[in-house]
Amino acid sequence: MAKKTVLLTGASKGIGKAIKEVLEASGKYNLLTPSSSDLNLGNLESIKDFFNDQHIDVVINNAGINILNPIEEISHETIDSMFHVNLIAPLILIQKAVPFMKKQQYGRIINISSIWGVRSKEFRTLYSATKFGLNGITKALSRELGEYNILINSVCPGFVNTELTKKNIPFSEQEEIKKNIPLKRFAEPSEIANIVEFLISDKNTYITGQTIVVDGGFTA
Ligand SMILES: NC(=O)c1ccc[n+]([C@@H]2O[C@H](COP(=O)([O-])OP(=O)(O)OC[C@H]3O[C@@H](n4cnc5c(N)ncnc54)[C@H](OP(=O)(O)O)[C@@H]3O)[C@@H](O)[C@H]2O)c1
């Protein structure tokens, strides 16, 4: 069977790197994994320059940023970058890929959201706004694109052992959080990658429009 072409953002580290490794190991995909300098998701011009009518079978919107702030301290620059990287860029990448997917009557789209896209926590106003928004895109487009055999899902990780987590949560707080996770530990990036691999595979023929929470039971 011909290899599917996957566009994966944010593959340099963390969850994206794990997704890249799992998909590479399967041998089933041609991977496009632009770095943030090849494709800067904070800049719409960069997205326009990147796309040259590539045929993309699978889009995985993984890149994301999480700048925590109390409401009074949120700057316009932070609003701008969080919305561009986490919400607007994923939307535009989907928009660019869909015409080809429609033509071939096949497509798979994954939006990496977060548990803070199904519930929230202090200082995550922008993060939750963007991640709830991403889940909204998933739901609306599952309805619009289902008849073209384009399946779209959000994967919502809980706490994952990545640089983003280390940066945003002090070590002592991490140990406290683990006590409230039924599985008593954070996820490894590969555990998120394995779910993504399943959702884009030919084994998934009927899951679409879902927000799939992968959090060791934290939000249960
Ligand atoms: N870690 C967690 O616990 C957790 C939990 C829930 C959801 N998530 C979500 O999972 C996704 C991946 O998170 P992670 O923890 O793996 O993050 P990470 O380790 O900080 O990696 C983020 C990735 O996004 C890329 N990126 C950031 N800004 C970009 C930009 N302007 N243009 C293009 N690429 C950009 C980074 O590229 P550079 O290396 O070039 O900066 C990097 O590859 C994010 O959407 C995050 O919100 C993470």
# chains A, B, ... in the order shown; residues from 1 in each chain; ligands from 1

$ closest_atom_pairs --of "chain A" --to "ligand 1" --cutoff "7 Å" --atoms "only C-alpha atoms and all ligand atoms" --output "tab-separated table"
residue	atom	partner	partner_atom_place_in_ligand_line	distance
A:Thr9	CA	ligand 1	34 (N)	6.2
A:Gly10	CA	ligand 1	43 (O)	3.2
A:Ala11	CA	ligand 1	43 (O)	4.7
A:Ser12	CA	ligand 1	43 (O)	4.0
A:Lys13	CA	ligand 1	43 (O)	5.0
A:Gly14	CA	ligand 1	16 (O)	3.4
A:Ile15	CA	ligand 1	16 (O)	3.8
A:Gly16	CA	ligand 1	16 (O)	5.5
A:Ser35	CA	ligand 1	40 (O)	5.6
A:Ser36	CA	ligand 1	33 (C)	3.6
A:Ser37	CA	ligand 1	40 (O)	6.8
A:Leu39	CA	ligand 1	33 (C)	5.7
A:Asn40	CA	ligand 1	32 (N)	3.8
A:Leu41	CA	ligand 1	32 (N)	3.8
A:Gly42	CA	ligand 1	31 (N)	4.4
A:Asn62	CA	ligand 1	45 (O)	4.8
A:Ala63	CA	ligand 1	24 (O)	3.5
A:Gly64	CA	ligand 1	45 (O)	3.4
A:Ile65	CA	ligand 1	47 (O)	5.6
A:Asn66	CA	ligand 1	47 (O)	6.3
A:Val85	CA	ligand 1	31 (N)	5.5
A:Asn86	CA	ligand 1	45 (O)	6.6
A:Ile112	CA	ligand 1	45 (O)	5.3
A:Ser113	CA	ligand 1	7 (C)	5.5
A:Ser114	CA	ligand 1	7 (C)	4.0
A:Ile115	CA	ligand 1	6 (C)	6.2
A:Cys156	CA	ligand 1	7 (C)	6.1
A:Pro157	CA	ligand 1	6 (C)	4.2
A:Gly158	CA	ligand 1	5 (C)	4.9
A:Phe159	CA	ligand 1	3 (O)	3.9
A:Val160	CA	ligand 1	3 (O)	3.6
A:Asn161	CA	ligand 1	1 (N)	6.1
A:Thr162	CA	ligand 1	15 (O)	4.8
A:Glu163	CA	ligand 1	19 (O)	4.7
A:Leu164	CA	ligand 1	20 (O)	4.2
A:Thr165	CA	ligand 1	1 (N)	4.9

$ residues_around --residues "range 138-153 of chain A" --least-positions-apart "2" --cutoff "9 Å" --atoms "only C-alpha atoms" --output "list in words"
Val98, Met101, Lys102, Lys103, Gln104, Gln105, Tyr106, Gly107, Arg108, Ile109, Ile110, Asn111, Ile112, Gly133, Leu134, Asn135, Gly136, Val155, Leu199, Ile200, Asn204, Thr205, Tyr206, Ile207, Thr208, Gly209, Gln210, Thr211 and Ile212 of chain A

$ closest_atom_pairs --of "range 41-93 of chain A" --to "range 24-29 of chain A" --cutoff "12 Å" --atoms "only C-alpha atoms" --output "JSON lines"
{"residue": "A:Ile56", "atom": "CA", "partner": "A:Tyr29", "partner_atom": "CA", "distance": 10.9}
{"residue": "A:Asp57", "atom": "CA", "partner": "A:Tyr29", "partner_atom": "CA", "distance": 9.7}
{"residue": "A:Val58", "atom": "CA", "partner": "A:Tyr29", "partner_atom": "CA", "distance": 9.5}
{"residue": "A:Val59", "atom": "CA", "partner": "A:Tyr29", "partner_atom": "CA", "distance": 11.9}

$ write_last_selection --atoms "N, CA and C atoms" --output "short mmCIF file (atom, residue, chain, number, x, y, z; two decimals), in the first residue's frame"
data_model
loop_
_atom_site.label_atom_id
_atom_site.label_comp_id
_atom_site.auth_asym_id
_atom_site.auth_seq_id
_atom_site.Cartn_x
_atom_site.Cartn_y
_atom_site.Cartn_z
N ILE A 56 -1.39 16.21 1.30
CA ILE A 56 -1.23 15.74 2.68
C ILE A 56 -2.40 14.81 2.98
N ASP A 57 -2.10 13.61 3.45
CA ASP A 57 -3.16 12.66 3.83
C ASP A 57 -3.57 12.81 5.29
N VAL A 58 -2.58 13.21 6.11
CA VAL A 58 -2.80 13.26 7.56
C VAL A 58 -2.18 14.54 8.10
N VAL A 59 -2.96 15.30 8.87
CA VAL A 59 -2.41 16.47 9.57
C VAL A 59 -2.43 16.19 11.06
#

$ closest_residue --among "A:Phe83, A:Phe198, A:Phe171, A:Trp116" --to "Phe218 in chain A" --atoms "only C-alpha atoms"
A:Trp116

$ select_by_dssp --residues "range 17-178 of chain A" --states "strand (DSSP E or B)" --output "VMD selection string"
chain A and resid 29 to 32 58 to 61 107 to 112 150 to 157 160

$ atom_distance --atom1 "CA of Val196 in chain A" --atom2 "CA of Lys178 in chain A"
23.7 Å

$ decode --residues "range 167-182 of chain A" --atoms "N, CA and C atoms" --output "tab-separated table (two decimals), in the first residue's frame"
chain	number	residue	atom	x	y	z
A	167	LYS	N	8.88	23.10	32.69
A	167	LYS	CA	8.96	24.57	32.74
A	167	LYS	C	7.80	25.15	33.56
A	168	ASN	N	6.62	24.57	33.42
A	168	ASN	CA	5.42	25.18	34.01
A	168	ASN	C	5.07	24.68	35.40
A	169	ILE	N	5.61	23.52	35.79
A	169	ILE	CA	5.24	22.99	37.10
A	169	ILE	C	6.49	22.67	37.92
A	170	PRO	N	6.70	23.39	39.05
A	170	PRO	CA	7.87	23.11	39.88
A	170	PRO	C	7.86	21.65	40.36
A	171	PHE	N	9.06	21.08	40.58
A	171	PHE	CA	9.19	19.66	40.89
A	171	PHE	C	8.31	19.24	42.09
A	172	SER	N	8.32	20.07	43.16
A	172	SER	CA	7.55	19.70	44.37
A	172	SER	C	6.06	19.61	44.04
A	173	GLU	N	5.58	20.52	43.17
A	173	GLU	CA	4.17	20.50	42.78
A	173	GLU	C	3.87	19.26	41.92
A	174	GLN	N	4.85	18.88	41.11
A	174	GLN	CA	4.66	17.68	40.27
A	174	GLN	C	4.38	16.46	41.15
A	175	GLU	N	5.14	16.35	42.26
A	175	GLU	CA	4.97	15.19	43.15
A	175	GLU	C	3.58	15.21	43.79
A	176	GLU	N	3.07	16.40	44.13
A	176	GLU	CA	1.72	16.52	44.70
A	176	GLU	C	0.66	16.10	43.68
A	177	ILE	N	0.84	16.56	42.44
A	177	ILE	CA	-0.14	16.24	41.38
A	177	ILE	C	-0.22	14.74	41.18
A	178	LYS	N	0.94	14.08	41.20
A	178	LYS	CA	0.96	12.62	40.95
A	178	LYS	C	0.08	11.87	41.94
A	179	LYS	N	-0.01	12.39	43.18
A	179	LYS	CA	-0.85	11.73	44.18
A	179	LYS	C	-2.32	11.73	43.76
A	180	ASN	N	-2.72	12.72	42.94
A	180	ASN	CA	-4.13	12.83	42.50
A	180	ASN	C	-4.40	12.17	41.15
A	181	ILE	N	-3.40	11.53	40.61
A	181	ILE	CA	-3.60	10.81	39.34
A	181	ILE	C	-3.77	9.33	39.70
A	182	PRO	N	-4.89	8.72	39.31
A	182	PRO	CA	-5.09	7.31	39.67
A	182	PRO	C	-3.90	6.42	39.33
